[in-house]
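Have a look at the structure below, then the notes.
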Amino acid sequence: MPYTKRPDKRKFDELRPIKAEVGVIPNADGSALFAFGETVAIAAVYGPKPLHPQHMQEPDRGIIRCNYNMLPFSVTERARPGPNRRSKEISMVAGNALASVVDLTRFPGTVIDVEIIILQANASTRCAGINAAAMALAHAGIVMKEMVSSVSIGKIDDKIVMDLIKEEEDHEEGEGATDIPFTMTSRTHQITHLQLDGRIQTHRFKEATEAAKEACKKILKYQERALKGEKIDETK
Amino acid sequence: MTPKTEETEDTEMEIKETKCERKLVIPGETIASGEDYLPGDFTRKEGSEVIANRYGLAEISGRVVKIIPISGVFEPRRGNNVIGRVEDINFSGWMIDIGGPYSSFLPLMECPRFINRNNIAEFANIGDVIHAKILGVKKGGVDLTLKSRGLGPLENGRLIKINPNKVPRVIGKEGSMINLIKDNTKTEITVGQNGFVWVKGELDGEEKAEKAISLIVEESSNSGLTEKIEKFLGGKK
């Protein structure tokens with residue numbers, strides 16, 4: 001059966017209802033919540049602050065220490081708490097995705113801690129996490145060139161779709177499912193993070209990149225509105 | 001008790017505020033475009049556009065566009081009056097936590113009083129609160145001094161931490177806000193530019209002053225702040 005309809009009745013280029021808010025964690029220097037439908041992420045930023053152990057300090061710049069963590073109740077089957085292979089990898093790519101827009105030279109030898117916590121997961125958790133983290137960094141008054149926005153673009157059978165859910169990721173008929181999380185900067189639309197899980201033809205990949213650009217523009221609007229004090233909740 | 005320097009700085013800010021309007025911007029947002037504008041604090045120019053480098057209130061005064069931070073950690077500068085807590089003691093001085101990106105050190109030599117070298121914990125022990133001035137900011141560290149009027153250990157009282165960007169609001173125009181709280185709660189209040197506030201007085205007064213300060217921080221961007229605080233202090237007397 002060809003893939004003509006998405007399981008949640010969205011259009012192929014439609015995002016899930018978004019929730020966005022800043023200042024959700026009073027003790028952090030900056031914090032934010034970002035949700036794509038059932039995927040809910042919160043992020044907290046602490047610092048810049050002194051970095052210990054000393055051997056991790058960089059003499060010419062500060063560093064970003066990113067930590068992605070899925071809570072045990074965020075998925076259907078209880079996730080074992082604590083870091084695992086997957087979360088370590090996502091922590092690294094998310095940290096790199098954010099570091100490329102942050103001015104780290106202002107405070108050499110310091111660390112900016114970014115904690116990303118997934119409260120509820122239904123695919124695209126890293127994208128929601130990066131979106132929340134970018135908002136939290138801005139909210140913490142960190143000097144940044146621009147914002148970053150993240151979205152997952154997929155190729156389900158032969159259709160390019162925006163913002164996948166778990167059911168789509170597991171699609172096996174036809175050409176199967178390909179999941180491509182993108183992170184792009186807000187002004188220049190440069191890619192700061194890209195992963196690819198599955199197979200895709202070169203010309204289709206260009207289509208996917210264009211779709212990511214459109215989606216990131218939409219997401220940036222939400223991030224901007226939330227940072228300007230609005231509490232966005234489209235899920236109701 | 002409030003240091004003079006902060007008050008004069010704050011007066012300048014207040015005057016500017018009445019002159020031009022401010023707009024909340026996010027990093028990467030275009031604030032103004034055209035050759036007429038020059039980039040100021042936390043902004044940059046790309047082509048003819050002036051772009052924000054951080055989250056804050058954008059202000060255009062004349063040709064210069066700048067951003068006034070509303071969040072973020074304390075950025076130590078020489079001459080800042082700060083309050084901190086003693087973290088550690090070694091043979092040559094005290095390590096002091098003043099918040100911000102770097103740890104700070106108060107050398108024994110920068111203390112104006114005679115101190116027995118064998119027992120410097122007598123002057124300030126771990127956990128004690130000290131009011132000091134920043135002597136200099138070096139790479140990876142801040143040096144403090146006590147060689148100025150009104151500086152030294154603060155005894156008893158309580159320490160409140162607030163957002164350092166809200167310090168001018170807590171002090172008010174020429175110290176009007178802080179004096180209002182001091183008079184109404186009969187407390188002694190010292191505000192450090194790093195966002196640490198020390199309050200000393202009777203228990204009731206301390207609690208009321210603490211609540212008033214957190215109210216100022218919450219409502220800092222709204223108008224009629226002084227009236228609100230007056231009402232708050234007067235209401236529960």
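Letters A, B, ... go to the chains of the structure tokens in the order shown; residues in each chain start at 1; ligands are counted from 1 in the same order.
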
Practice prompt. Hey, list the chain B side of the contact with chain A: 10 Å cut-off, only C-alpha atoms, answer as a ChimeraX atom specification.
Written response: /B:23-30,42-44,51-56,69-75,99-103,139-141,163

Any chance you could export the current selection's C-alpha atoms as a short mmCIF file (atom, residue, chain, number, x, y, z; two decimals), in the first residue's frame?
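Contents of the output file selection.cif:
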data_model
loop_
_atom_site.label_atom_id
_atom_site.label_comp_id
_atom_site.auth_asym_id
_atom_site.auth_seq_id
_atom_site.Cartn_x
_atom_site.Cartn_y
_atom_site.Cartn_z
CA LYS B 23 12.46 46.64 22.40
CA LEU B 24 13.09 43.03 23.45
CA VAL B 25 15.30 41.25 20.91
CA ILE B 26 16.69 37.74 20.45
CA PRO B 27 20.16 36.79 19.16
CA GLY B 28 20.45 37.14 15.40
CA GLU B 29 17.51 39.53 15.11
CA THR B 30 17.88 42.63 12.94
CA PHE B 42 26.32 43.38 22.08
CA THR B 43 25.43 44.23 18.49
CA ARG B 44 27.23 43.81 15.17
CA ILE B 51 22.11 42.61 14.46
CA ALA B 52 21.64 41.56 18.07
CA ASN B 53 24.29 39.33 19.63
CA ARG B 54 22.35 38.51 22.77
CA TYR B 55 18.92 38.48 24.37
CA GLY B 56 18.00 41.81 25.95
CA PRO B 69 21.15 42.77 29.16
CA ILE B 70 18.24 41.57 31.28
CA SER B 71 19.69 38.18 32.18
CA GLY B 72 23.03 36.51 32.53
CA VAL B 73 25.75 36.06 35.09
CA PHE B 74 27.70 38.87 36.75
CA GLU B 75 30.58 40.16 34.64
CA GLY B 99 29.08 34.37 41.52
CA GLY B 100 30.01 34.97 37.91
CA PRO B 101 32.38 33.10 35.65
CA TYR B 102 35.53 33.19 37.75
CA SER B 103 36.55 32.44 41.31
CA LYS B 139 42.82 35.90 33.02
CA GLY B 140 40.93 33.22 34.90
CA GLY B 141 40.57 35.05 38.19
CA ASN B 163 19.81 38.61 39.15
#

Item to complete: Would you list the contacts of region 108-115 of chain B as an MDAnalysis selection string, taking every protein, DNA or RNA residue within 12 Å and counting only C-alpha atoms, but skipping same-chain residues closer than 2 positions in sequence?
Response: chainID B and resid 89:95 105:106 117:124 130:135 143:153

Discussion item. Can you tell me, as a list in words, which residues in region 131-205 of chain B count as helix (DSSP H, G or I) by DSSP?
Written reply: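 Answer for region 131-205 of chain B restricted to helix (DSSP H, G or I) is Pro164, Asn165, Lys166, Val167, Pro168, Arg169, Val170, Ile171, Lys173, Glu174, Gly175, Ser176, Met177, Ile178, Asn179, Leu180, Ile181, Lys182, Asp183, Asn184, Thr185, Leu203, Asp204 and Gly205 of chain B.
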
Just the selected residues (N, CA, C and O atoms), exported as an mmCIF file, in the first residue's frame, please.
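Result saved to result29.cif:
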data_model
loop_
_atom_site.group_PDB
_atom_site.id
_atom_site.type_symbol
_atom_site.label_atom_id
_atom_site.label_comp_id
_atom_site.auth_asym_id
_atom_site.auth_seq_id
_atom_site.Cartn_x
_atom_site.Cartn_y
_atom_site.Cartn_z
ATOM 1 N N PRO B 164 21.937 39.845 38.833
ATOM 2 C CA PRO B 164 22.764 41.061 38.896
ATOM 3 C C PRO B 164 22.293 42.186 37.976
ATOM 4 O O PRO B 164 22.593 43.356 38.231
ATOM 5 N N ASN B 165 21.536 41.834 36.923
ATOM 6 C CA ASN B 165 21.033 42.875 36.015
ATOM 7 C C ASN B 165 19.917 43.701 36.632
ATOM 8 O O ASN B 165 19.539 44.734 36.104
ATOM 9 N N LYS B 166 19.368 43.215 37.764
ATOM 10 C CA LYS B 166 18.275 43.931 38.421
ATOM 11 C C LYS B 166 18.774 44.828 39.549
ATOM 12 O O LYS B 166 17.965 45.501 40.198
ATOM 13 N N VAL B 167 20.083 44.837 39.805
ATOM 14 C CA VAL B 167 20.631 45.624 40.908
ATOM 15 C C VAL B 167 20.252 47.106 40.824
ATOM 16 O O VAL B 167 19.818 47.682 41.824
ATOM 17 N N PRO B 168 20.352 47.733 39.644
ATOM 18 C CA PRO B 168 19.952 49.149 39.570
ATOM 19 C C PRO B 168 18.505 49.398 39.998
ATOM 20 O O PRO B 168 18.190 50.430 40.577
ATOM 21 N N ARG B 169 17.610 48.421 39.718
ATOM 22 C CA ARG B 169 16.204 48.565 40.112
ATOM 23 C C ARG B 169 16.064 48.505 41.626
ATOM 24 O O ARG B 169 15.270 49.226 42.214
ATOM 25 N N VAL B 170 16.810 47.604 42.245
ATOM 26 C CA VAL B 170 16.715 47.441 43.698
ATOM 27 C C VAL B 170 17.225 48.694 44.406
ATOM 28 O O VAL B 170 16.676 49.109 45.424
ATOM 29 N N ILE B 171 18.256 49.315 43.852
ATOM 30 C CA ILE B 171 18.796 50.520 44.473
ATOM 31 C C ILE B 171 17.896 51.724 44.199
ATOM 32 O O ILE B 171 17.621 52.524 45.083
ATOM 33 N N LYS B 173 16.574 55.227 41.933
ATOM 34 C CA LYS B 173 17.207 56.499 41.591
ATOM 35 C C LYS B 173 17.884 57.100 42.820
ATOM 36 O O LYS B 173 17.214 57.334 43.821
ATOM 37 N N GLU B 174 19.164 57.276 42.757
ATOM 38 C CA GLU B 174 19.958 57.806 43.877
ATOM 39 C C GLU B 174 19.662 57.083 45.190
ATOM 40 O O GLU B 174 19.601 57.692 46.261
ATOM 41 N N GLY B 175 19.436 55.792 45.086
ATOM 42 C CA GLY B 175 19.210 54.982 46.286
ATOM 43 C C GLY B 175 17.830 55.121 46.882
ATOM 44 O O GLY B 175 17.597 54.726 48.021
ATOM 45 N N SER B 176 16.881 55.657 46.096
ATOM 46 C CA SER B 176 15.547 55.909 46.640
ATOM 47 C C SER B 176 14.839 54.625 47.059
ATOM 48 O O SER B 176 14.233 54.549 48.126
ATOM 49 N N MET B 177 14.946 53.595 46.201
ATOM 50 C CA MET B 177 14.237 52.353 46.489
ATOM 51 C C MET B 177 14.807 51.660 47.717
ATOM 52 O O MET B 177 14.080 51.221 48.609
ATOM 53 N N ILE B 178 16.115 51.584 47.781
ATOM 54 C CA ILE B 178 16.754 50.874 48.888
ATOM 55 C C ILE B 178 16.496 51.616 50.203
ATOM 56 O O ILE B 178 16.260 50.996 51.241
ATOM 57 N N ASN B 179 16.510 52.954 50.143
ATOM 58 C CA ASN B 179 16.246 53.729 51.354
ATOM 59 C C ASN B 179 14.811 53.544 51.822
ATOM 60 O O ASN B 179 14.538 53.490 53.015
ATOM 61 N N LEU B 180 13.903 53.412 50.844
ATOM 62 C CA LEU B 180 12.494 53.174 51.162
ATOM 63 C C LEU B 180 12.348 51.878 51.965
ATOM 64 O O LEU B 180 11.664 51.831 52.989
ATOM 65 N N ILE B 181 13.038 50.828 51.493
ATOM 66 C CA ILE B 181 12.959 49.536 52.180
ATOM 67 C C ILE B 181 13.627 49.631 53.552
ATOM 68 O O ILE B 181 13.093 49.163 54.558
ATOM 69 N N LYS B 182 14.789 50.275 53.579
ATOM 70 C CA LYS B 182 15.537 50.383 54.838
ATOM 71 C C LYS B 182 14.695 51.099 55.897
ATOM 72 O O LYS B 182 14.581 50.632 57.025
ATOM 73 N N ASP B 183 14.086 52.221 55.518
ATOM 74 C CA ASP B 183 13.316 53.012 56.482
ATOM 75 C C ASP B 183 12.099 52.253 56.974
ATOM 76 O O ASP B 183 11.752 52.300 58.150
ATOM 77 N N ASN B 184 11.427 51.551 56.044
ATOM 78 C CA ASN B 184 10.191 50.882 56.422
ATOM 79 C C ASN B 184 10.389 49.593 57.197
ATOM 80 O O ASN B 184 9.495 49.168 57.924
ATOM 81 N N THR B 185 11.531 48.941 56.994
ATOM 82 C CA THR B 185 11.731 47.667 57.676
ATOM 83 C C THR B 185 12.752 47.768 58.806
ATOM 84 O O THR B 185 13.022 46.790 59.487
ATOM 85 N N LEU B 203 14.133 40.153 62.936
ATOM 86 C CA LEU B 203 13.667 39.042 62.102
ATOM 87 C C LEU B 203 12.526 39.452 61.160
ATOM 88 O O LEU B 203 12.567 39.200 59.966
ATOM 89 N N ASP B 204 11.511 40.140 61.720
ATOM 90 C CA ASP B 204 10.362 40.559 60.906
ATOM 91 C C ASP B 204 10.802 41.470 59.763
ATOM 92 O O ASP B 204 10.393 41.303 58.618
ATOM 93 N N GLY B 205 11.660 42.428 60.135
ATOM 94 C CA GLY B 205 12.136 43.397 59.159
ATOM 95 C C GLY B 205 12.906 42.724 58.042
ATOM 96 O O GLY B 205 12.702 43.021 56.862
#

Worksheet item: Neighbours of region 171-173 of chain A within 9 Å (only C-alpha atoms; same-chain residues fewer than 5 positions away dropped), as a list in words?
Response: Met1, Pro2, Tyr3, Ile156, Asp157 and Lys166 of chain A

What does the file look like for those residues with C-alpha atoms, as an mmCIF file, in the first residue's frame?
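Dumped everything to part28.cif:
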data_model
loop_
_atom_site.group_PDB
_atom_site.id
_atom_site.type_symbol
_atom_site.label_atom_id
_atom_site.label_comp_id
_atom_site.auth_asym_id
_atom_site.auth_seq_id
_atom_site.Cartn_x
_atom_site.Cartn_y
_atom_site.Cartn_z
ATOM 1 C CA MET A 1 0.000 0.000 0.000
ATOM 2 C CA PRO A 2 1.507 3.361 -0.964
ATOM 3 C CA TYR A 3 2.061 5.905 1.755
ATOM 4 C CA ILE A 156 8.566 7.642 4.374
ATOM 5 C CA ASP A 157 8.239 5.320 1.388
ATOM 6 C CA LYS A 166 7.411 7.036 16.237
#

Report as an mmCIF file with N, CA and C atoms, in the first residue's frame all protein, DNA and RNA residues lying within 6 Å of Asp179 (chain A), evaluated on only C-alpha atoms, omitting residues in the same chain fewer than 4 positions from it.
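result33.cif was written with the following content:
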data_model
loop_
_atom_site.group_PDB
_atom_site.id
_atom_site.type_symbol
_atom_site.label_atom_id
_atom_site.label_comp_id
_atom_site.auth_asym_id
_atom_site.auth_seq_id
_atom_site.Cartn_x
_atom_site.Cartn_y
_atom_site.Cartn_z
ATOM 1 N N GLY A 154 11.807 13.441 7.251
ATOM 2 C CA GLY A 154 11.872 12.017 6.953
ATOM 3 C C GLY A 154 11.487 11.738 5.529
ATOM 4 N N LEU A 196 21.674 11.002 9.734
ATOM 5 C CA LEU A 196 20.823 10.331 8.764
ATOM 6 C C LEU A 196 20.712 8.862 9.151
ATOM 7 N N ASP A 197 19.466 8.447 9.326
ATOM 8 C CA ASP A 197 19.232 7.058 9.694
ATOM 9 C C ASP A 197 18.340 6.453 8.615
#

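The space between CA of Pro39 (chain B) and CA of His189 (chain A) spans 23.1 Å.
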
Discussion item. Taking 4 positions as the minimum chain separation for residues in the same chain, which residues sit within 7 Å of Ala128 (chain A) when counting only C-alpha atoms? Answer as a list in words.
Written reply: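 With the cut-off at 7 Å, the set is Phe34, Ala35, Phe36, Val40, Ala41, Ser124 and Ala132 of chain A.
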
Writer output for current selection, all heavy atoms, as a tab-separated table (two decimals), in the first residue's frame:
chain	number	residue	atom	x	y	z
A	34	PHE	N	10.29	23.12	25.25
A	34	PHE	CA	9.87	23.06	23.85
A	34	PHE	C	9.26	21.70	23.59
A	34	PHE	O	9.81	20.69	23.99
A	34	PHE	CB	11.05	23.30	22.91
A	34	PHE	CG	10.63	23.53	21.49
A	34	PHE	CD1	10.41	24.80	21.01
A	34	PHE	CD2	10.41	22.45	20.64
A	34	PHE	CE1	9.99	25.01	19.70
A	34	PHE	CE2	9.99	22.65	19.33
A	34	PHE	CZ	9.78	23.95	18.86
A	35	ALA	N	8.10	21.67	22.94
A	35	ALA	CA	7.45	20.40	22.66
A	35	ALA	C	6.90	20.36	21.24
A	35	ALA	O	6.30	21.31	20.77
A	35	ALA	CB	6.32	20.16	23.65
A	36	PHE	N	7.16	19.22	20.57
A	36	PHE	CA	6.50	18.89	19.30
A	36	PHE	C	5.43	17.88	19.69
A	36	PHE	O	5.75	16.71	19.91
A	36	PHE	CB	7.46	18.16	18.37
A	36	PHE	CG	8.51	18.99	17.70
A	36	PHE	CD1	9.86	18.73	17.91
A	36	PHE	CD2	8.17	20.00	16.81
A	36	PHE	CE1	10.84	19.46	17.25
A	36	PHE	CE2	9.16	20.72	16.16
A	36	PHE	CZ	10.49	20.45	16.38
A	40	VAL	N	8.21	16.15	24.58
A	40	VAL	CA	8.39	17.32	25.42
A	40	VAL	C	9.81	17.35	25.97
A	40	VAL	O	10.27	16.38	26.57
A	40	VAL	CB	7.39	17.33	26.61
A	40	VAL	CG1	7.49	18.63	27.38
A	40	VAL	CG2	5.98	17.12	26.12
A	41	ALA	N	10.50	18.48	25.74
A	41	ALA	CA	11.87	18.62	26.25
A	41	ALA	C	11.97	19.89	27.07
A	41	ALA	O	11.36	20.90	26.73
A	41	ALA	CB	12.85	18.67	25.09
A	124	SER	N	11.83	12.52	17.41
A	124	SER	CA	12.38	13.89	17.34
A	124	SER	C	12.76	14.47	18.70
A	124	SER	O	12.68	15.67	18.90
A	124	SER	CB	11.40	14.87	16.69
A	124	SER	OG	10.94	14.40	15.50
A	132	ALA	N	14.87	23.64	22.61
A	132	ALA	CA	14.74	24.13	23.98
A	132	ALA	C	16.07	24.69	24.46
A	132	ALA	O	16.12	25.76	25.08
A	132	ALA	CB	14.27	23.01	24.90

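For the residues A:Ala20, A:Ala28, A:Ala94, A:Leu164, ranking by smallest atom-to-atom distance to Pro7 (chain A) using only C-alpha atoms places A:Leu164 first.
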
Discussion item. Using only C-alpha atoms, can you tell me which of B:Ile98, B:Arg22, B:Ala209, B:Asn125 comes closest to Asn81 (chain B)?
Written reply: B:Ile98

Worksheet item: In Å, how far is it from CA of Ile219 (chain A) to CA of Gln201 (chain A)?
Response: 26.2 Å

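Our summary of the geometry notes that CA of Glu115 (chain A) is positioned 26.5 Å from CA of Ile96 (chain B).
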
Fill in: Test item: residues at most 6 Å from Ile126 (chain B), only C-alpha atoms, excluding those fewer than 3 positions along its chain, as a PyMOL selection string
chain B and resi 86-88
